[in-house]
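K.L.:
The file below is protein-v7.csv, CSV, C-alpha atoms:
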chain,number,residue,atom,x,y,z
B,1,MET,CA,-8.1,-71.0,126.0
B,2,LYS,CA,-6.3,-73.8,127.8
B,3,SER,CA,-3.2,-75.4,126.3
B,4,ILE,CA,-0.8,-78.2,126.9
B,5,THR,CA,2.6,-78.9,125.3
B,6,LEU,CA,4.0,-82.4,125.2
B,7,ARG,CA,6.2,-84.7,123.2
B,8,ALA,CA,4.3,-86.2,120.2
B,9,SER,CA,4.6,-89.9,121.1
B,10,TYR,CA,2.1,-92.6,121.7
B,11,ASP,CA,3.1,-92.6,125.4
B,12,ASN,CA,1.4,-89.3,125.7
B,13,LEU,CA,-1.9,-90.2,124.0
B,14,GLN,CA,-3.7,-90.7,127.4
B,15,SER,CA,-2.5,-87.3,128.6
B,16,VAL,CA,-3.9,-85.7,125.5
B,17,MET,CA,-7.2,-87.5,125.9
B,18,GLY,CA,-7.3,-86.5,129.5
B,19,PHE,CA,-6.7,-82.9,128.6
B,20,VAL,CA,-9.5,-82.9,126.0
B,21,ASN,CA,-11.9,-84.9,128.2
B,22,SER,CA,-11.5,-82.5,131.1
B,23,GLU,CA,-12.9,-79.8,128.8
B,24,LEU,CA,-15.6,-82.0,127.4
B,25,ASP,CA,-16.7,-83.0,130.9
B,26,GLN,CA,-17.7,-79.5,131.5
B,27,CYS,CA,-20.5,-79.6,128.9
B,28,ASP,CA,-23.5,-81.8,128.6
B,29,CYS,CA,-22.7,-83.5,125.3
B,30,ASP,CA,-23.9,-86.8,123.9
B,31,ILE,CA,-21.5,-89.7,124.3
B,32,THR,CA,-21.4,-90.2,120.5
B,33,VAL,CA,-20.3,-86.6,120.0
B,34,LYS,CA,-17.6,-87.2,122.6
B,35,MET,CA,-16.4,-90.3,120.9
B,36,GLN,CA,-16.2,-88.6,117.5
B,37,ILE,CA,-14.1,-85.8,119.0
B,38,GLN,CA,-11.8,-88.4,120.7
B,39,ILE,CA,-11.4,-90.1,117.3
B,40,ALA,CA,-10.4,-86.8,115.7
B,41,VAL,CA,-8.0,-86.1,118.5
B,42,GLU,CA,-6.4,-89.5,118.3
B,43,GLU,CA,-6.0,-89.3,114.5
B,44,ILE,CA,-4.3,-85.9,114.6
B,45,PHE,CA,-2.0,-86.7,117.5
B,46,VAL,CA,-1.0,-90.1,116.0
B,47,ASN,CA,-0.3,-88.4,112.6
B,48,ILE,CA,2.0,-85.9,114.3
B,49,SER,CA,3.7,-88.6,116.3
B,50,ASP,CA,4.2,-90.8,113.3
B,51,TYR,CA,5.2,-88.3,110.7
B,52,ALA,CA,5.9,-84.7,111.8
B,53,TYR,CA,9.4,-85.3,113.1
B,54,ALA,CA,10.2,-88.7,111.8
B,55,PRO,CA,12.6,-90.4,112.5
B,56,ASP,CA,13.0,-88.1,115.5
B,57,THR,CA,10.4,-86.8,117.8
B,58,GLY,CA,9.3,-83.3,118.8
B,59,ASP,CA,6.7,-81.4,120.7
B,60,VAL,CA,3.1,-80.6,119.9
B,61,GLU,CA,1.1,-77.8,121.5
B,62,ILE,CA,-2.6,-78.4,121.9
B,63,CYS,CA,-5.1,-75.6,122.6
B,64,CYS,CA,-8.6,-76.2,123.6
B,65,GLU,CA,-11.5,-73.7,123.9
B,66,LEU,CA,-15.1,-74.2,124.6
B,67,ARG,CA,-17.3,-71.6,123.0
B,68,ARG,CA,-21.0,-71.1,124.0
B,69,ASP,CA,-24.1,-70.4,121.9
B,70,PRO,CA,-24.0,-72.7,120.2
B,71,ASP,CA,-21.7,-74.9,122.2
B,72,THR,CA,-18.6,-75.6,120.1
B,73,LEU,CA,-15.3,-77.2,121.0
B,74,ILE,CA,-12.3,-75.7,119.2
B,75,LEU,CA,-9.0,-77.6,119.2
B,76,GLN,CA,-5.7,-76.4,117.8
B,77,PHE,CA,-2.6,-78.6,117.2
B,78,LYS,CA,0.7,-76.9,116.5
B,79,ASP,CA,3.9,-78.7,115.6
B,80,GLN,CA,7.2,-77.7,114.2
B,81,GLY,CA,7.6,-80.7,112.0
B,82,VAL,CA,7.6,-81.0,108.2
B,83,PRO,CA,4.9,-79.0,106.6
B,84,PHE,CA,1.9,-81.2,106.1
B,85,ASN,CA,-1.6,-80.1,105.1
B,86,PRO,CA,-4.0,-83.1,105.7
B,87,LEU,CA,-6.7,-81.3,103.8
B,88,GLU,CA,-4.7,-82.0,100.6
B,89,LEU,CA,-5.1,-85.7,101.0
B,90,PRO,CA,-7.7,-87.2,98.7
B,91,ASP,CA,-10.4,-89.3,100.3
B,92,PRO,CA,-9.2,-92.9,100.6
B,93,ASP,CA,-10.4,-95.7,98.4
B,94,ARG,CA,-12.9,-97.5,100.7
B,95,SER,CA,-13.6,-100.5,98.5
B,96,SER,CA,-13.3,-103.9,100.1
B,97,GLU,CA,-10.2,-104.7,98.0
B,98,ALA,CA,-8.4,-101.5,99.0
B,99,LEU,CA,-9.3,-101.8,102.6
B,100,MET,CA,-7.9,-105.3,102.8
B,101,GLU,CA,-4.6,-104.1,101.3
B,102,ARG,CA,-3.0,-101.0,102.6
B,103,ILE,CA,-5.0,-97.9,103.3
B,104,GLY,CA,-3.7,-94.5,104.1
B,105,GLY,CA,-5.7,-91.4,104.8
B,106,LEU,CA,-8.4,-93.2,106.7
B,107,GLY,CA,-7.7,-91.2,109.9
B,108,VAL,CA,-7.9,-87.9,108.1
B,109,PHE,CA,-11.1,-89.0,106.4
B,110,MET,CA,-12.8,-89.7,109.7
B,111,LEU,CA,-11.5,-86.4,111.1
B,112,ARG,CA,-13.1,-84.6,108.2
B,113,GLN,CA,-16.4,-86.5,108.6
B,114,TYR,CA,-16.7,-86.0,112.3
B,115,MET,CA,-15.7,-82.4,112.6
B,116,ASN,CA,-17.8,-79.4,111.4
B,117,ASP,CA,-14.7,-77.5,110.3
B,118,VAL,CA,-11.0,-78.4,109.7
B,119,ARG,CA,-8.5,-75.6,108.8
B,120,TYR,CA,-4.8,-75.8,108.2
B,121,SER,CA,-2.2,-73.1,108.0
B,122,TYR,CA,1.6,-72.9,108.2
B,123,GLU,CA,2.7,-70.1,110.4
B,124,ASN,CA,6.2,-69.1,111.6
B,125,GLY,CA,7.5,-72.6,110.8
B,126,ARG,CA,4.6,-74.4,112.5
B,127,ASN,CA,1.8,-76.6,111.2
B,128,VAL,CA,-1.4,-75.3,112.7
B,129,LEU,CA,-4.4,-77.5,112.4
B,130,THR,CA,-7.7,-76.2,113.8
B,131,VAL,CA,-10.8,-78.3,114.2
B,132,GLU,CA,-14.2,-77.3,115.4
B,133,ARG,CA,-17.1,-79.4,116.5
B,134,ARG,CA,-20.6,-78.4,117.5
B,135,LEU,CA,-21.6,-80.2,120.7
B,136,ASP,CA,-25.3,-79.8,120.5
B,137,TYR,CA,-26.1,-82.3,117.8
B,138,ILE,CA,-24.9,-85.6,116.4
B,139,VAL,CA,-23.5,-85.5,112.9
B,140,GLU,CA,-25.6,-88.0,110.8
B,141,LEU,CA,-23.5,-89.8,108.3
K,1,MET,CA,-7.3,-98.9,128.7
K,2,LEU,CA,-8.1,-102.2,127.0
K,3,ASP,CA,-8.5,-105.5,128.6
K,4,ILE,CA,-8.2,-108.5,126.3
K,5,LYS,CA,-9.3,-112.0,127.4
K,6,THR,CA,-8.8,-115.1,125.3
K,7,VAL,CA,-10.7,-118.3,125.7
K,8,LYS,CA,-10.1,-121.4,123.5
K,9,GLU,CA,-13.0,-123.8,122.9
K,10,GLY,CA,-11.9,-126.6,120.6
K,11,ASN,CA,-10.9,-125.1,117.3
K,12,CYS,CA,-12.6,-121.8,118.2
K,13,CYS,CA,-10.9,-118.9,119.9
K,14,ILE,CA,-13.0,-116.2,121.6
K,15,VAL,CA,-11.3,-112.9,122.2
K,16,SER,CA,-13.2,-110.5,124.5
K,17,LEU,CA,-12.3,-106.9,124.2
K,18,ASN,CA,-13.1,-104.6,127.2
K,19,GLY,CA,-12.4,-100.9,127.0
K,20,ARG,CA,-10.9,-98.7,124.3
K,21,LEU,CA,-8.9,-99.8,121.3
K,22,GLU,CA,-6.7,-96.7,121.1
K,23,ALA,CA,-3.5,-96.3,119.2
K,24,ASP,CA,-1.3,-96.9,122.2
K,25,MET,CA,-3.0,-100.3,122.7
K,26,ALA,CA,-2.9,-101.3,119.0
K,27,ALA,CA,0.4,-103.2,119.2
K,28,LYS,CA,-0.6,-105.2,122.2
K,29,ALA,CA,-4.0,-105.9,120.6
K,30,GLU,CA,-2.4,-107.0,117.3
K,31,GLU,CA,-0.1,-109.4,119.2
K,32,LYS,CA,-3.1,-111.0,121.0
K,33,PHE,CA,-5.1,-111.2,117.8
K,34,LEU,CA,-2.3,-112.9,115.9
K,35,GLU,CA,-1.9,-115.4,118.7
K,36,ALA,CA,-5.6,-116.2,118.5
K,37,ALA,CA,-5.3,-116.5,114.7
K,38,ALA,CA,-2.5,-119.0,115.0
K,39,SER,CA,-4.3,-121.1,117.6
K,40,ALA,CA,-7.7,-121.6,115.9
K,41,ASP,CA,-9.5,-121.8,112.6
K,42,GLU,CA,-12.4,-119.8,113.9
K,43,VAL,CA,-11.9,-116.5,115.8
K,44,ILE,CA,-14.7,-114.7,117.5
K,45,LEU,CA,-14.2,-111.1,118.7
K,46,ASP,CA,-16.6,-110.4,121.4
K,47,CYS,CA,-17.0,-106.6,121.3
K,48,LYS,CA,-19.7,-106.3,123.9
K,49,GLU,CA,-17.5,-104.1,126.1
K,50,LEU,CA,-15.6,-102.4,123.3
K,51,GLU,CA,-16.2,-98.7,123.6
K,52,TYR,CA,-14.0,-97.1,121.0
K,53,THR,CA,-11.8,-97.6,118.0
K,54,ALA,CA,-10.1,-95.2,115.6
K,55,SER,CA,-8.0,-96.0,112.5
K,56,ALA,CA,-5.1,-97.6,114.4
K,57,GLY,CA,-7.5,-100.0,116.0
K,58,LEU,CA,-9.1,-100.7,112.6
K,59,ARG,CA,-5.7,-101.7,111.2
K,60,THR,CA,-5.4,-104.4,113.9
K,61,LEU,CA,-8.8,-105.8,112.9
K,62,ARG,CA,-7.7,-105.8,109.3
K,63,ARG,CA,-4.4,-107.6,110.2
K,64,LEU,CA,-6.4,-110.3,112.0
K,65,GLN,CA,-8.8,-110.6,109.0
K,66,GLN,CA,-5.9,-111.0,106.7
K,67,GLU,CA,-4.4,-113.8,108.8
K,68,MET,CA,-7.7,-115.6,109.0
K,69,LYS,CA,-8.2,-115.4,105.2
K,70,LYS,CA,-4.7,-116.6,104.6
K,71,LYS,CA,-5.4,-119.8,106.6
K,72,LYS,CA,-9.0,-120.1,105.2
K,73,GLY,CA,-10.4,-119.7,108.7
K,74,SER,CA,-13.2,-117.4,109.8
K,75,LEU,CA,-13.5,-114.3,111.8
K,76,LYS,CA,-16.7,-112.9,113.4
K,77,LEU,CA,-17.3,-109.8,115.4
K,78,ARG,CA,-20.0,-110.3,118.0
K,79,ASN,CA,-22.1,-107.8,120.0
K,80,VAL,CA,-20.6,-104.7,118.4
K,81,LYS,CA,-22.0,-101.5,120.1
K,82,PRO,CA,-23.8,-99.1,117.8
K,83,MET,CA,-21.1,-96.4,118.2
K,84,VAL,CA,-18.3,-98.7,117.2
K,85,ALA,CA,-20.5,-100.1,114.4
K,86,ASP,CA,-20.9,-96.6,113.0
K,87,VAL,CA,-17.1,-96.3,112.7
K,88,LEU,CA,-17.0,-99.6,110.9
K,89,VAL,CA,-19.7,-98.5,108.4
K,90,LEU,CA,-18.3,-95.0,107.8
K,91,THR,CA,-14.8,-96.4,107.0
K,92,GLY,CA,-16.0,-99.3,104.9
K,93,PHE,CA,-14.7,-101.9,107.4
K,94,ALA,CA,-18.2,-103.3,107.9
K,95,LYS,CA,-17.8,-104.7,104.3
K,96,ILE,CA,-14.6,-106.6,105.0
K,97,LEU,CA,-15.6,-107.9,108.5
K,98,THR,CA,-18.5,-110.1,109.5
K,99,LEU,CA,-20.6,-108.6,112.2
K,100,GLU,CA,-23.2,-110.7,113.9
Please go through the file and, once you have read it, give me the structure as structure tokens.
P.N.:
Amino acid sequence: MKSITLRASYDNLQSVMGFVNSELDQCDCDITVKMQIQIAVEEIFVNISDYAYAPDTGDVEICCELRRDPDTLILQFKDQGVPFNPLELPDPDRSSEALMERIGGLGVFMLRQYMNDVRYSYENGRNVLTVERRLDYIVEL
Amino acid sequence: MLDIKTVKEGNCCIVSLNGRLEADMAAKAEEKFLEAAASADEVILDCKELEYTASAGLRTLRRLQQEMKKKKGSLKLRNVKPMVADVLVLTGFAKILTLE
């Protein structure tokens, strides 16, 4: 399993994407699958950057593993910020009226739609969010 | 990376997006969108070369749509790639934006 630790701030989004893409480039997966994984990565990283340590900043450790048969990408995000379980968020109101106002929870909603599995735990003072995505088929929504 | 080009034709402003509308580009994109909104009654976002957006990018589109509605102008998204359109449909944004 490869890992990278960096400051959770928007300046590092490209480093995070590069880290995940280097793993994705090793497998022959559809460009749509790749984009959906990138969306999940962005949503998780942005959430940690915005909220985990607010108003300060802190580190996030990201682990990435490619499992074979069937090809599956497993990503784990660990931060020492305030405990936050994104799976407890209700699905957002996606009516036109609500979308034109303020929406929250849209990122987590996309994450849950695009990943095959999302798990959360709080271990030794750390939020641990694990997501899994099969690489051999496109999720039809 | 995201490249944003703006061309003004009369009362219409065409904003071409080339690349990825990621969270670290959202502030810059919103600034350009609001400039476009202030400059014309009709804004067209040409998304032919737009490869990606997540929720931070969607929020900038909503902000632009809010501005255009406020001034009773119009906003259209043109040439949206299927992958990006899927994101708009999944999130419900396809209902509050005009895709052509």
K.L.:
Please identify all polymer residues lying at most 7 Å from the point (-11.6, -79.6, 126.9) (file coordinates), using only C-alpha atoms, and present the result as a list in words.
P.N.:
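Those residues lying close to the given coordinates are Phe19, Val20, Asn21, Ser22, Glu23, Leu24, Cys64, Glu65 and Leu66 of chain B.
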K.L.:
Show me, as a list in words, the residues of chain B whose atoms get within 7 Å of chain K, using only C-alpha atoms for the distance check.
P.N.:
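Residues passing the distance filter: Tyr10, Asp11, Leu13, Thr32, Ile39, Arg94, Ser95, Ser96, Met100, Leu106 and Gly107 of chain B.
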K.L.:
Which polymer residues, protein or nucleic acid, are no farther than 7 Å from (-17.2, -118.5, 117.3), counting only C-alpha atoms, as a PyMOL selection string?
P.N.:
chain K and resi 12-14+42-44+76
K.L.:
Just write the chosen residues, C-alpha atoms, as a compact mmCIF listing (two decimals), in the frame of the given file.
P.N.:
# COMPACT_ATOMS: atom_id res chain seq x y z
CA CYS K 12 -12.60 -121.80 118.20
CA CYS K 13 -10.90 -118.90 119.90
CA ILE K 14 -13.00 -116.20 121.60
CA GLU K 42 -12.40 -119.80 113.90
CA VAL K 43 -11.90 -116.50 115.80
CA ILE K 44 -14.70 -114.70 117.50
CA LYS K 76 -16.70 -112.90 113.40
K.L.:
Please indicate the distance in Å from CA of Val41 (chain B) to CA of Val82 (chain B), rounded to one decimal place.
P.N.:
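Between CA of Val41 (chain B) and CA of Val82 (chain B) the gap is 19.4 Å.
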K.L.:
What is the CA of Ala54 (chain B) to CA of Ser9 (chain B) distance in Å?
P.N.:
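Going from CA of Ala54 (chain B) over to CA of Ser9 (chain B) covers 10.9 Å.
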K.L.:
Determine the nearest neighbour of Ala40 (chain K) from the options K:Leu61, K:Val15, K:Leu21, K:Ala26, counting all atoms listed in the file.
P.N.:
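The shortest atom-to-atom distance to Ala40 (chain K) comes from K:Val15.
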K.L.:
Could you write region 114-138 of chain B of the block just shown to a file containing N, CA, C and O atoms, as a PDB file, in the first residue's frame?
P.N.:
ATOM      1  N   TYR B 114     -20.763   7.219  -6.423  1.00  0.00           N
ATOM      2  CA  TYR B 114     -19.712   6.774  -7.331  1.00  0.00           C
ATOM      3  C   TYR B 114     -18.844   5.646  -6.782  1.00  0.00           C
ATOM      4  O   TYR B 114     -18.168   4.956  -7.532  1.00  0.00           O
ATOM      5  N   MET B 115     -18.824   5.483  -5.468  1.00  0.00           N
ATOM      6  CA  MET B 115     -17.984   4.434  -4.885  1.00  0.00           C
ATOM      7  C   MET B 115     -18.823   3.189  -4.604  1.00  0.00           C
ATOM      8  O   MET B 115     -20.006   3.272  -4.321  1.00  0.00           O
ATOM      9  N   ASN B 116     -18.186   2.027  -4.653  1.00  0.00           N
ATOM     10  CA  ASN B 116     -18.903   0.790  -4.348  1.00  0.00           C
ATOM     11  C   ASN B 116     -19.047   0.594  -2.844  1.00  0.00           C
ATOM     12  O   ASN B 116     -19.979  -0.047  -2.388  1.00  0.00           O
ATOM     13  N   ASP B 117     -18.090   1.154  -2.104  1.00  0.00           N
ATOM     14  CA  ASP B 117     -18.161   1.002  -0.648  1.00  0.00           C
ATOM     15  C   ASP B 117     -17.512   2.215   0.008  1.00  0.00           C
ATOM     16  O   ASP B 117     -16.466   2.687  -0.443  1.00  0.00           O
ATOM     17  N   VAL B 118     -18.159   2.752   1.053  1.00  0.00           N
ATOM     18  CA  VAL B 118     -17.593   3.856   1.830  1.00  0.00           C
ATOM     19  C   VAL B 118     -17.724   3.470   3.305  1.00  0.00           C
ATOM     20  O   VAL B 118     -18.810   3.140   3.765  1.00  0.00           O
ATOM     21  N   ARG B 119     -16.594   3.455   4.013  1.00  0.00           N
ATOM     22  CA  ARG B 119     -16.637   3.077   5.431  1.00  0.00           C
ATOM     23  C   ARG B 119     -15.947   4.149   6.266  1.00  0.00           C
ATOM     24  O   ARG B 119     -14.953   4.736   5.854  1.00  0.00           O
ATOM     25  N   TYR B 120     -16.506   4.377   7.456  1.00  0.00           N
ATOM     26  CA  TYR B 120     -15.913   5.369   8.350  1.00  0.00           C
ATOM     27  C   TYR B 120     -15.638   4.746   9.703  1.00  0.00           C
ATOM     28  O   TYR B 120     -16.430   3.947  10.200  1.00  0.00           O
ATOM     29  N   SER B 121     -14.503   5.110  10.285  1.00  0.00           N
ATOM     30  CA  SER B 121     -14.273   4.735  11.682  1.00  0.00           C
ATOM     31  C   SER B 121     -13.448   5.843  12.350  1.00  0.00           C
ATOM     32  O   SER B 121     -12.825   6.663  11.672  1.00  0.00           O
ATOM     33  N   TYR B 122     -13.500   5.864  13.656  1.00  0.00           N
ATOM     34  CA  TYR B 122     -12.681   6.817  14.413  1.00  0.00           C
ATOM     35  C   TYR B 122     -11.728   5.987  15.262  1.00  0.00           C
ATOM     36  O   TYR B 122     -12.163   5.238  16.135  1.00  0.00           O
ATOM     37  N   GLU B 123     -10.450   6.086  14.915  1.00  0.00           N
ATOM     38  CA  GLU B 123      -9.459   5.214  15.548  1.00  0.00           C
ATOM     39  C   GLU B 123      -8.288   6.021  16.093  1.00  0.00           C
ATOM     40  O   GLU B 123      -7.667   6.768  15.347  1.00  0.00           O
ATOM     41  N   ASN B 124      -7.997   5.855  17.353  1.00  0.00           N
ATOM     42  CA  ASN B 124      -6.846   6.526  17.983  1.00  0.00           C
ATOM     43  C   ASN B 124      -6.812   8.024  17.672  1.00  0.00           C
ATOM     44  O   ASN B 124      -5.783   8.559  17.278  1.00  0.00           O
ATOM     45  N   GLY B 125      -7.958   8.651  17.823  1.00  0.00           N
ATOM     46  CA  GLY B 125      -8.022  10.094  17.595  1.00  0.00           C
ATOM     47  C   GLY B 125      -7.981  10.497  16.141  1.00  0.00           C
ATOM     48  O   GLY B 125      -7.740  11.664  15.816  1.00  0.00           O
ATOM     49  N   ARG B 126      -8.216   9.555  15.251  1.00  0.00           N
ATOM     50  CA  ARG B 126      -8.188   9.894  13.821  1.00  0.00           C
ATOM     51  C   ARG B 126      -9.481   9.482  13.110  1.00  0.00           C
ATOM     52  O   ARG B 126     -10.013   8.390  13.348  1.00  0.00           O
ATOM     53  N   ASN B 127      -9.944  10.355  12.226  1.00  0.00           N
ATOM     54  CA  ASN B 127     -11.005   9.985  11.296  1.00  0.00           C
ATOM     55  C   ASN B 127     -10.383   9.100  10.226  1.00  0.00           C
ATOM     56  O   ASN B 127      -9.368   9.469   9.630  1.00  0.00           O
ATOM     57  N   VAL B 128     -10.975   7.958   9.976  1.00  0.00           N
ATOM     58  CA  VAL B 128     -10.477   7.070   8.913  1.00  0.00           C
ATOM     59  C   VAL B 128     -11.627   6.802   7.945  1.00  0.00           C
ATOM     60  O   VAL B 128     -12.629   6.181   8.302  1.00  0.00           O
ATOM     61  N   LEU B 129     -11.470   7.334   6.752  1.00  0.00           N
ATOM     62  CA  LEU B 129     -12.508   7.133   5.733  1.00  0.00           C
ATOM     63  C   LEU B 129     -11.923   6.246   4.634  1.00  0.00           C
ATOM     64  O   LEU B 129     -10.902   6.571   4.036  1.00  0.00           O
ATOM     65  N   THR B 130     -12.568   5.117   4.406  1.00  0.00           N
ATOM     66  CA  THR B 130     -12.084   4.157   3.411  1.00  0.00           C
ATOM     67  C   THR B 130     -13.106   4.044   2.298  1.00  0.00           C
ATOM     68  O   THR B 130     -14.301   3.861   2.563  1.00  0.00           O
ATOM     69  N   VAL B 131     -12.644   4.204   1.065  1.00  0.00           N
ATOM     70  CA  VAL B 131     -13.564   4.042  -0.070  1.00  0.00           C
ATOM     71  C   VAL B 131     -12.999   2.996  -1.027  1.00  0.00           C
ATOM     72  O   VAL B 131     -11.787   2.862  -1.175  1.00  0.00           O
ATOM     73  N   GLU B 132     -13.904   2.251  -1.628  1.00  0.00           N
ATOM     74  CA  GLU B 132     -13.496   1.224  -2.590  1.00  0.00           C
ATOM     75  C   GLU B 132     -14.267   1.415  -3.880  1.00  0.00           C
ATOM     76  O   GLU B 132     -15.457   1.720  -3.876  1.00  0.00           O
ATOM     77  N   ARG B 133     -13.562   1.203  -4.972  1.00  0.00           N
ATOM     78  CA  ARG B 133     -14.218   1.328  -6.264  1.00  0.00           C
ATOM     79  C   ARG B 133     -13.709   0.239  -7.214  1.00  0.00           C
ATOM     80  O   ARG B 133     -12.506   0.143  -7.443  1.00  0.00           O
ATOM     81  N   ARG B 134     -14.635  -0.545  -7.720  1.00  0.00           N
ATOM     82  CA  ARG B 134     -14.297  -1.533  -8.750  1.00  0.00           C
ATOM     83  C   ARG B 134     -13.882  -0.778 -10.017  1.00  0.00           C
ATOM     84  O   ARG B 134     -14.489   0.240 -10.367  1.00  0.00           O
ATOM     85  N   LEU B 135     -12.873  -1.290 -10.703  1.00  0.00           N
ATOM     86  CA  LEU B 135     -12.363  -0.587 -11.886  1.00  0.00           C
ATOM     87  C   LEU B 135     -12.824  -1.231 -13.185  1.00  0.00           C
ATOM     88  O   LEU B 135     -12.558  -0.716 -14.260  1.00  0.00           O
ATOM     89  N   ASP B 136     -13.506  -2.353 -13.069  1.00  0.00           N
ATOM     90  CA  ASP B 136     -13.817  -3.116 -14.282  1.00  0.00           C
ATOM     91  C   ASP B 136     -15.208  -2.869 -14.828  1.00  0.00           C
ATOM     92  O   ASP B 136     -15.607  -3.501 -15.780  1.00  0.00           O
ATOM     93  N   TYR B 137     -15.962  -1.963 -14.234  1.00  0.00           N
ATOM     94  CA  TYR B 137     -17.242  -1.613 -14.837  1.00  0.00           C
ATOM     95  C   TYR B 137     -17.660  -0.202 -14.434  1.00  0.00           C
ATOM     96  O   TYR B 137     -17.199   0.336 -13.428  1.00  0.00           O
ATOM     97  N   ILE B 138     -18.535   0.358 -15.228  1.00  0.00           N
ATOM     98  CA  ILE B 138     -19.025   1.711 -14.973  1.00  0.00           C
ATOM     99  C   ILE B 138     -20.302   1.607 -14.153  1.00  0.00           C
ATOM    100  O   ILE B 138     -21.184   0.820 -14.475  1.00  0.00           O
TER     101      ILE B 138
END
